[in-house]
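What follows is the content of data-v2.csv, which has CSV, C-alpha atoms:
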```csv
chain,number,residue,atom,x,y,z
A,1,MET,CA,31.7,-88.3,10.8
A,2,SER,CA,31.5,-87.1,7.2
A,3,GLU,CA,30.2,-83.6,6.4
A,4,ALA,CA,27.3,-85.1,4.5
A,5,LYS,CA,26.2,-87.0,7.5
A,6,LYS,CA,26.3,-83.8,9.6
A,7,GLY,CA,23.7,-82.4,7.2
A,8,ARG,CA,26.1,-80.1,5.3
A,9,PRO,CA,26.9,-81.8,2.0
A,10,LEU,CA,30.2,-80.7,0.5
A,11,TRP,CA,28.6,-79.8,-2.8
A,12,LEU,CA,26.4,-77.3,-1.0
A,13,LEU,CA,29.4,-75.7,0.6
A,14,TRP,CA,31.2,-75.5,-2.7
A,15,SER,CA,28.1,-74.0,-4.3
A,16,VAL,CA,27.7,-71.3,-1.6
A,17,ALA,CA,31.4,-70.6,-2.0
A,18,THR,CA,30.9,-70.1,-5.7
A,19,ILE,CA,28.0,-67.7,-5.1
A,20,VAL,CA,30.1,-65.6,-2.7
A,21,LEU,CA,33.2,-65.6,-5.0
A,22,TRP,CA,31.3,-64.6,-8.1
A,23,GLY,CA,28.9,-62.3,-6.3
A,24,VAL,CA,31.9,-60.3,-4.8
A,25,TRP,CA,33.6,-60.4,-8.2
A,26,GLY,CA,30.7,-58.3,-9.7
A,27,LEU,CA,31.3,-55.8,-6.9
A,28,VAL,CA,35.1,-55.5,-7.1
A,29,SER,CA,34.8,-55.2,-11.0
A,30,LYS,CA,32.7,-52.1,-10.6
A,31,VAL,CA,35.1,-50.7,-8.0
A,32,ALA,CA,38.0,-51.3,-10.4
A,33,SER,CA,36.1,-49.8,-13.4
A,34,ASP,CA,36.1,-46.4,-11.7
A,35,GLY,CA,39.8,-46.1,-12.2
A,36,VAL,CA,41.0,-48.4,-15.0
A,37,ASP,CA,40.1,-49.1,-18.6
A,38,ALA,CA,38.7,-52.4,-19.7
A,39,TYR,CA,42.0,-53.6,-21.3
A,40,THR,CA,44.1,-52.9,-18.3
A,41,ASN,CA,41.5,-54.5,-16.1
A,42,GLN,CA,41.8,-57.6,-18.2
A,43,LEU,CA,45.6,-57.6,-17.8
A,44,LEU,CA,45.3,-57.3,-14.0
A,45,TYR,CA,42.5,-59.9,-14.0
A,46,THR,CA,44.9,-62.4,-15.5
A,47,VAL,CA,47.5,-61.5,-12.9
A,48,GLY,CA,44.9,-62.5,-10.3
A,49,LEU,CA,44.3,-65.8,-12.1
A,50,ALA,CA,48.0,-66.7,-12.2
A,51,PRO,CA,48.2,-68.4,-8.8
A,52,LEU,CA,45.3,-70.6,-9.7
A,53,LEU,CA,46.9,-71.4,-13.0
A,54,VAL,CA,50.0,-72.7,-11.2
A,55,PHE,CA,47.9,-74.8,-8.8
A,56,VAL,CA,45.6,-76.3,-11.5
A,57,GLY,CA,48.7,-76.9,-13.7
A,58,TRP,CA,50.3,-78.9,-10.9
A,59,THR,CA,47.1,-80.9,-10.4
A,60,VAL,CA,46.8,-81.6,-14.2
A,61,TRP,CA,50.5,-82.6,-14.3
A,62,ARG,CA,49.9,-85.2,-11.6
A,63,GLN,CA,46.9,-86.6,-13.4
A,64,ARG,CA,48.8,-87.1,-16.7
A,65,ASP,CA,45.6,-87.2,-18.7
A,66,ARG,CA,46.5,-89.1,-22.0
A,67,ARG,CA,43.0,-90.0,-23.3
A,68,GLU,CA,42.2,-89.9,-27.0
A,69,GLY,CA,40.9,-86.7,-28.5
A,70,ARG,CA,43.0,-84.7,-26.1
A,71,GLY,CA,44.1,-82.3,-28.8
A,72,LYS,CA,40.6,-81.4,-29.8
A,73,GLY,CA,39.6,-81.0,-26.1
A,74,ILE,CA,42.5,-78.6,-25.6
A,75,PHE,CA,41.4,-76.6,-28.7
A,76,TRP,CA,37.9,-76.2,-27.4
A,77,ALA,CA,39.1,-75.3,-23.9
A,78,PHE,CA,41.5,-72.7,-25.3
A,79,LEU,CA,38.7,-71.3,-27.5
A,80,THR,CA,36.5,-71.1,-24.4
A,81,GLY,CA,39.2,-69.0,-22.7
A,82,ILE,CA,39.5,-66.7,-25.6
A,83,LEU,CA,35.7,-66.2,-25.9
A,84,GLY,CA,35.5,-65.9,-22.1
A,85,GLY,CA,38.2,-63.3,-22.1
A,86,VAL,CA,36.6,-61.2,-24.9
A,87,GLY,CA,33.3,-61.5,-22.8
A,88,ASN,CA,35.3,-60.2,-19.8
A,89,LEU,CA,36.4,-57.2,-21.9
A,90,ALA,CA,32.8,-56.4,-22.8
A,91,PHE,CA,31.7,-56.9,-19.2
A,92,PHE,CA,34.4,-54.5,-18.0
A,93,GLN,CA,33.5,-52.0,-20.7
A,94,ALA,CA,29.8,-52.1,-19.7
A,95,LEU,CA,30.9,-51.1,-16.1
A,96,VAL,CA,33.3,-48.4,-17.4
A,97,LYS,CA,30.6,-46.9,-19.6
A,98,GLY,CA,28.4,-46.3,-16.6
A,99,GLY,CA,26.5,-49.6,-16.1
A,100,LYS,CA,25.6,-50.2,-12.5
A,101,ALA,CA,27.0,-53.5,-11.0
A,102,SER,CA,23.5,-54.2,-9.7
A,103,VAL,CA,22.2,-54.2,-13.3
A,104,VAL,CA,25.1,-55.4,-15.4
A,105,ALA,CA,25.6,-58.5,-13.2
A,106,PRO,CA,22.0,-59.8,-13.7
A,107,VAL,CA,22.1,-59.0,-17.4
A,108,THR,CA,25.3,-60.9,-18.1
A,109,ALA,CA,24.2,-63.8,-15.8
A,110,LEU,CA,21.6,-64.5,-18.5
A,111,PHE,CA,24.4,-66.0,-20.7
A,112,PRO,CA,22.9,-69.5,-20.5
A,113,MET,CA,20.1,-68.2,-22.8
A,114,VAL,CA,22.7,-68.0,-25.7
A,115,THR,CA,24.0,-71.5,-24.7
A,116,VAL,CA,20.5,-72.9,-24.8
A,117,LEU,CA,19.8,-71.2,-28.2
A,118,LEU,CA,23.0,-72.5,-29.7
A,119,ALA,CA,22.2,-76.0,-28.3
A,120,LEU,CA,18.8,-75.7,-30.0
A,121,ILE,CA,20.1,-74.4,-33.4
A,122,VAL,CA,23.6,-75.9,-33.7
A,123,LEU,CA,23.5,-79.1,-31.6
A,124,ARG,CA,19.8,-79.8,-32.5
A,125,GLU,CA,19.1,-80.4,-28.8
A,126,ARG,CA,15.4,-80.3,-27.7
A,127,LEU,CA,14.4,-77.8,-25.0
A,128,GLY,CA,12.2,-78.6,-22.1
A,129,LYS,CA,9.2,-76.4,-21.0
A,130,ARG,CA,11.2,-74.8,-18.2
A,131,GLN,CA,14.0,-73.8,-20.6
A,132,TRP,CA,11.5,-72.2,-23.0
A,133,ALA,CA,10.0,-70.3,-20.0
A,134,GLY,CA,13.5,-69.3,-19.0
A,135,LEU,CA,14.3,-68.0,-22.5
A,136,GLY,CA,11.1,-65.9,-22.5
A,137,LEU,CA,11.8,-64.5,-19.0
A,138,ALA,CA,15.4,-63.7,-20.0
A,139,PHE,CA,14.1,-61.3,-22.8
A,140,VAL,CA,11.6,-59.8,-20.3
A,141,ALA,CA,14.5,-59.3,-17.8
A,142,ILE,CA,16.8,-57.6,-20.3
A,143,TYR,CA,13.9,-55.2,-21.3
A,144,LEU,CA,13.2,-54.4,-17.6
A,145,LEU,CA,16.8,-53.9,-16.7
A,146,SER,CA,17.4,-51.6,-19.6
A,147,MET,CA,14.7,-49.2,-18.2
B,1,MET,CA,19.8,-48.6,-26.0
B,2,PRO,CA,22.4,-47.3,-23.6
B,3,ILE,CA,26.0,-48.1,-24.6
B,4,TRP,CA,26.7,-50.0,-21.4
B,5,LEU,CA,23.8,-52.3,-22.1
B,6,GLY,CA,25.2,-53.1,-25.6
B,7,PHE,CA,28.5,-54.2,-24.0
B,8,ALA,CA,26.6,-56.2,-21.3
B,9,VAL,CA,24.7,-58.0,-24.0
B,10,LEU,CA,28.0,-58.6,-25.9
B,11,ALA,CA,29.5,-60.2,-22.8
B,12,LEU,CA,26.3,-62.3,-22.5
B,13,VAL,CA,26.7,-63.6,-26.0
B,14,PHE,CA,30.4,-64.4,-25.7
B,15,TRP,CA,30.0,-66.1,-22.4
B,16,GLY,CA,26.9,-67.9,-23.8
B,17,VAL,CA,29.0,-69.4,-26.6
B,18,THR,CA,31.5,-70.7,-24.0
B,19,GLY,CA,28.7,-72.9,-22.6
B,20,VAL,CA,28.9,-74.9,-25.9
B,21,THR,CA,32.7,-74.8,-26.3
B,22,GLN,CA,33.2,-75.8,-22.7
B,23,LYS,CA,31.0,-78.8,-23.1
B,24,LEU,CA,32.9,-79.8,-26.3
B,25,ALA,CA,36.1,-79.5,-24.3
B,26,THR,CA,35.0,-81.5,-21.2
B,27,ASN,CA,33.7,-84.2,-23.4
B,28,ARG,CA,37.3,-84.9,-24.3
B,29,ILE,CA,39.5,-83.8,-21.4
B,30,THR,CA,39.1,-83.5,-17.6
B,31,SER,CA,37.5,-80.4,-16.1
B,32,GLU,CA,41.0,-79.5,-14.6
B,33,SER,CA,42.7,-79.7,-18.0
B,34,SER,CA,39.9,-77.7,-19.5
B,35,PHE,CA,40.3,-75.0,-16.8
B,36,LEU,CA,44.1,-75.0,-17.2
B,37,TRP,CA,43.8,-74.3,-21.0
B,38,PHE,CA,41.1,-71.8,-20.3
B,39,CYS,CA,43.6,-69.9,-18.1
B,40,TRP,CA,46.4,-70.2,-20.7
B,41,ALA,CA,44.0,-68.7,-23.3
B,42,MET,CA,43.4,-65.8,-20.9
B,43,VAL,CA,47.2,-65.3,-20.7
B,44,ALA,CA,47.4,-65.4,-24.5
B,45,LEU,CA,44.6,-62.9,-24.8
B,46,SER,CA,46.3,-60.6,-22.3
B,47,ALA,CA,49.5,-60.8,-24.3
B,48,VAL,CA,47.6,-59.6,-27.3
B,49,VAL,CA,45.9,-56.8,-25.3
B,50,LEU,CA,49.4,-55.8,-24.0
B,51,ALA,CA,50.8,-55.7,-27.5
B,52,PHE,CA,48.0,-53.8,-29.2
B,53,THR,CA,46.7,-51.4,-26.5
B,54,HIS,CA,48.2,-48.8,-24.2
B,55,PRO,CA,47.7,-50.1,-20.7
B,56,GLN,CA,47.4,-47.6,-17.9
B,57,TRP,CA,50.4,-47.8,-15.6
B,58,HIS,CA,49.6,-45.0,-13.1
B,59,LEU,CA,46.8,-46.5,-11.1
B,60,ARG,CA,45.5,-46.1,-7.6
B,61,LEU,CA,46.5,-49.1,-5.3
B,62,ALA,CA,42.8,-49.7,-4.5
B,63,VAL,CA,42.0,-50.1,-8.2
B,64,VAL,CA,44.9,-52.5,-8.8
B,65,VAL,CA,43.9,-54.6,-5.8
B,66,ALA,CA,40.2,-54.7,-7.0
B,67,SER,CA,41.2,-55.7,-10.5
B,68,VAL,CA,43.6,-58.5,-9.4
B,69,ALA,CA,41.1,-59.7,-6.8
B,70,GLY,CA,38.5,-59.8,-9.6
B,71,GLY,CA,40.6,-62.3,-11.5
B,72,ALA,CA,41.3,-64.4,-8.4
B,73,LEU,CA,37.7,-64.4,-7.3
B,74,ASN,CA,36.3,-65.3,-10.7
B,75,GLY,CA,38.9,-68.0,-11.2
B,76,LEU,CA,38.4,-69.5,-7.7
B,77,GLY,CA,34.6,-69.4,-8.3
B,78,ALA,CA,35.0,-71.4,-11.5
B,79,TRP,CA,37.2,-73.9,-9.5
B,80,THR,CA,34.7,-74.2,-6.6
B,81,SER,CA,31.8,-74.7,-9.1
B,82,PHE,CA,33.7,-77.7,-10.6
B,83,ARG,CA,34.3,-79.0,-7.0
B,84,ALA,CA,30.5,-78.6,-6.3
B,85,LEU,CA,29.7,-80.8,-9.3
B,86,GLU,CA,32.4,-83.3,-8.5
B,87,SER,CA,31.3,-83.6,-4.8
B,88,GLY,CA,28.1,-85.3,-5.8
B,89,GLY,CA,25.8,-82.4,-6.3
B,90,LYS,CA,23.2,-82.8,-9.1
B,91,ALA,CA,24.1,-80.5,-12.0
B,92,SER,CA,20.6,-79.1,-12.2
B,93,ILE,CA,20.6,-78.2,-8.5
B,94,VAL,CA,24.2,-76.9,-8.3
B,95,ILE,CA,23.9,-74.8,-11.4
B,96,SER,CA,20.5,-73.4,-10.3
B,97,LEU,CA,22.0,-72.5,-6.9
B,98,ILE,CA,25.0,-70.9,-8.4
B,99,SER,CA,22.8,-68.8,-10.7
B,100,LEU,CA,21.8,-66.9,-7.6
B,101,TYR,CA,25.2,-65.1,-7.5
B,102,PRO,CA,24.0,-61.9,-9.2
B,103,LEU,CA,21.6,-61.5,-6.2
B,104,LEU,CA,24.7,-61.1,-4.0
B,105,THR,CA,26.2,-58.6,-6.4
B,106,VAL,CA,22.9,-56.6,-6.4
B,107,VAL,CA,22.8,-56.5,-2.6
B,108,LEU,CA,26.5,-55.6,-2.2
B,109,ALA,CA,26.2,-52.9,-4.9
B,110,VAL,CA,23.2,-51.3,-3.2
B,111,VAL,CA,24.6,-51.6,0.3
B,112,ILE,CA,28.3,-50.8,-0.3
B,113,LEU,CA,28.3,-48.7,-3.5
B,114,GLY,CA,25.0,-47.0,-2.7
B,115,GLU,CA,23.6,-47.9,-6.2
B,116,ARG,CA,19.8,-47.2,-6.5
B,117,LEU,CA,17.6,-49.3,-8.8
B,118,THR,CA,14.3,-48.3,-10.3
B,119,TRP,CA,11.4,-50.6,-9.6
B,120,GLU,CA,11.6,-51.9,-13.2
B,121,GLN,CA,15.3,-52.7,-12.7
B,122,THR,CA,14.6,-54.4,-9.4
B,123,ALA,CA,11.9,-56.5,-11.0
B,124,GLY,CA,14.3,-57.2,-14.0
B,125,ALA,CA,17.0,-58.4,-11.6
B,126,LEU,CA,14.6,-60.8,-9.9
B,127,VAL,CA,13.2,-62.0,-13.3
B,128,ALA,CA,16.8,-62.5,-14.6
B,129,ILE,CA,17.7,-64.7,-11.7
B,130,VAL,CA,14.5,-66.8,-12.1
B,131,ALA,CA,15.3,-67.0,-15.9
B,132,ALA,CA,18.9,-68.1,-15.3
B,133,ILE,CA,17.6,-70.9,-12.9
B,134,LEU,CA,15.0,-72.1,-15.4
B,135,LEU,CA,17.6,-72.1,-18.2
B,136,SER,CA,19.8,-74.4,-16.2
B,137,LEU,CA,17.1,-77.0,-15.6
B,138,GLU,CA,16.6,-79.8,-18.1
B,139,GLY,CA,13.2,-81.0,-19.2
```
Would it be possible to restate this file's structure as structure tokens?
Amino acid sequence: MSEAKKGRPLWLLWSVATIVLWGVWGLVSKVASDGVDAYTNQLLYTVGLAPLLVFVGWTVWRQRDRREGRGKGIFWAFLTGILGGVGNLAFFQALVKGGKASVVAPVTALFPMVTVLLALIVLRERLGKRQWAGLGLAFVAIYLLSM
Amino acid sequence: MPIWLGFAVLALVFWGVTGVTQKLATNRITSESSFLWFCWAMVALSAVVLAFTHPQWHLRLAVVVASVAGGALNGLGAWTSFRALESGGKASIVISLISLYPLLTVVLAVVILGERLTWEQTAGALVAIVAAILLSLEG
């Protein structure tokens, strides 16, 4: 019997796993920030990422993806990593400078507001009512969390 | 504005831009390839950090374990989020559900680290989570 038939769809289990992994990440980042600067934290963070890099590298090597536009795709993926890493440095610095994990995590989790704004301005995508409401609430949340 | 908030907003901005660049990447290559090159970029950035800063070498074991675990947890979380999307979950539901992760951080930080929030910050954390869910919904 598949897991979906038993009432526990796989996507739900993977989603809950993600919540747990990222939720705990916020906590351990704060623990680390009490004894290490943001730059060293980023170095050690990359060490933690290394086993996954090997695993995913092996998976990609087996797939042998050769579709057109691969070069541009790699460029954007690499840029995503650089921007994500610089974001990490700022996140670690926020914790080192005294930000509470319980406040910094919800503030930084609002990053989709920037994605949505860029999609609106750069990609000319149209926003739905719920996304407009989300944008408004995001500004309210940042104001409240800064108090 | 407290300095930590400035850095938190900076992180928000950089991570927000990755939402667009990631979409541009996965339009052209698989999510696994995208994640692999994301990891290589992290390695490259760390090499730059190593070259231009003075890393701390004398660290407590607990701090080293927490930092390394941070990378593993965040990376694994990215991988499980891809798996959730590839296992048939609707993007709007999966991403909304995943947006709840700061709630766990708040609970753990209060219970384990003994952090205390003002009522404004408690309200702000809840509003932030609702906002993140709304932002992930289309239409």
Report task. Calculate how many Å separate atom CA of B:Ile98 from atom CA of A:Leu13, rounding to one decimal. Result -> 11.1 Å
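For the pair atom CA of A:Ser33 and atom CA of B:Val63, the separation is 7.9 Å.
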Report task. List the neighbours of stretch 79-87 of chain A out to 7 Å using all atoms listed in the file; skip same-chain residues closer than 2 positions along the sequence, and give me the result as a PyMOL selection string. Result -> (chain A and resi 75-77+89-91) or (chain B and resi 10-11+14-15+18+21-22+38-39+41-42+45)
Selected residues written out with C-alpha atoms, as a compact mmCIF listing (two decimals), keeping the file's coordinate frame:
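The resulting again.txt:
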```txt
# COMPACT_ATOMS: atom_id res chain seq x y z
CA PHE A 75 41.40 -76.60 -28.70
CA TRP A 76 37.90 -76.20 -27.40
CA ALA A 77 39.10 -75.30 -23.90
CA LEU A 89 36.40 -57.20 -21.90
CA ALA A 90 32.80 -56.40 -22.80
CA PHE A 91 31.70 -56.90 -19.20
CA LEU B 10 28.00 -58.60 -25.90
CA ALA B 11 29.50 -60.20 -22.80
CA PHE B 14 30.40 -64.40 -25.70
CA TRP B 15 30.00 -66.10 -22.40
CA THR B 18 31.50 -70.70 -24.00
CA THR B 21 32.70 -74.80 -26.30
CA GLN B 22 33.20 -75.80 -22.70
CA PHE B 38 41.10 -71.80 -20.30
CA CYS B 39 43.60 -69.90 -18.10
CA ALA B 41 44.00 -68.70 -23.30
CA MET B 42 43.40 -65.80 -20.90
CA LEU B 45 44.60 -62.90 -24.80
```
Report task. List the neighbours of B:Val65 out to 10 Å using all atoms listed in the file; skip same-chain residues closer than 6 positions along the sequence, and give me the result as a list in words. Result -> Val28, Val31, Ala32, Leu44, Tyr45 and Gly48 of chain A
Would you mind listing what lies within 10 Å of B:Thr53 as a short mmCIF file (atom, residue, chain, number, x, y, z; two decimals) with C-alpha atoms, in the coordinates of the input, with all atoms listed in the file counted and same-chain residues fewer than 5 positions away left out?
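Result written to part-v3.cif:
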```
data_model
loop_
_atom_site.label_atom_id
_atom_site.label_comp_id
_atom_site.auth_asym_id
_atom_site.auth_seq_id
_atom_site.Cartn_x
_atom_site.Cartn_y
_atom_site.Cartn_z
CA TYR A 39 42.00 -53.60 -21.30
CA THR A 40 44.10 -52.90 -18.30
CA VAL B 48 47.60 -59.60 -27.30
#
```
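We find atom CA of A:Val107 and atom CA of B:Leu12 to be spaced 7.4 Å apart.
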Write out, as CSV, each residue of chain A that has an atom at most 6 Å from chain B, together with the closest pair of atoms and their distance in Å to one decimal, counting all atoms listed in the file, rows going by chain and rising number.
```
residue,atom,partner,partner_atom,distance
A:Trp11,CA,B:Ala84,CA,4.2
A:Trp14,CA,B:Ala84,CA,4.8
A:Ser15,CA,B:Ala84,CA,5.6
A:Thr18,CA,B:Gly77,CA,4.6
A:Ile19,CA,B:Tyr101,CA,4.5
A:Leu21,CA,B:Leu73,CA,5.2
A:Trp22,CA,B:Asn74,CA,5.7
A:Gly23,CA,B:Thr105,CA,4.6
A:Trp25,CA,B:Gly70,CA,5.1
A:Gly26,CA,B:Thr105,CA,5.6
A:Leu27,CA,B:Thr105,CA,5.8
A:Val28,CA,B:Ala66,CA,5.2
A:Ala32,CA,B:Val63,CA,4.7
A:Thr40,CA,B:Pro55,CA,5.2
A:Asn41,CA,B:Ser67,CA,5.7
A:Leu43,CA,B:Ser46,CA,5.5
A:Leu44,CA,B:Val68,CA,5.0
A:Tyr45,CA,B:Gly71,CA,4.0
A:Thr46,CA,B:Gly71,CA,5.9
A:Gly48,CA,B:Val68,CA,4.3
A:Leu49,CA,B:Ala72,CA,5.0
A:Val60,CA,B:Ser33,CA,5.9
A:Gly69,CA,B:Arg28,CA,5.8
A:Arg70,CA,B:Ile29,CA,5.9
A:Gly73,CA,B:Ala25,CA,4.2
A:Trp76,CA,B:Ala25,CA,4.9
A:Ala77,CA,B:Ser34,CA,5.1
A:Phe78,CA,B:Phe38,CA,5.1
A:Thr80,CA,B:Thr18,CA,5.0
A:Gly81,CA,B:Phe38,CA,4.1
A:Ile82,CA,B:Ala41,CA,5.4
A:Leu83,CA,B:Phe14,CA,5.6
A:Gly84,CA,B:Trp15,CA,5.5
A:Gly85,CA,B:Met42,CA,5.9
A:Gly87,CA,B:Ala11,CA,4.0
A:Ala90,CA,B:Phe7,CA,5.0
A:Phe91,CA,B:Ala11,CA,5.4
A:Ala94,CA,B:Trp4,CA,4.1
A:Lys97,CA,B:Trp4,CA,5.3
A:Gly99,CA,B:Trp4,CA,5.3
A:Ser102,CA,B:Val106,CA,4.1
A:Ala105,CA,B:Pro102,CA,5.5
A:Pro106,CA,B:Pro102,CA,5.4
A:Thr108,CA,B:Leu12,CA,4.7
A:Leu110,CA,B:Ala132,CA,5.5
A:Phe111,CA,B:Gly16,CA,4.4
A:Pro112,CA,B:Gly16,CA,5.4
A:Val114,CA,B:Gly16,CA,4.6
A:Thr115,CA,B:Gly16,CA,4.7
A:Gly128,CA,B:Gly139,CA,3.9
A:Arg130,CA,B:Leu134,CA,5.4
A:Gln131,CA,B:Leu135,CA,4.6
A:Gly134,CA,B:Ala131,CA,4.3
A:Leu137,CA,B:Ala131,CA,5.3
A:Ala138,CA,B:Ala131,CA,5.3
A:Ala141,CA,B:Gly124,CA,4.3
A:Leu144,CA,B:Gly124,CA,4.7
A:Leu145,CA,B:Gln121,CA,4.4
```
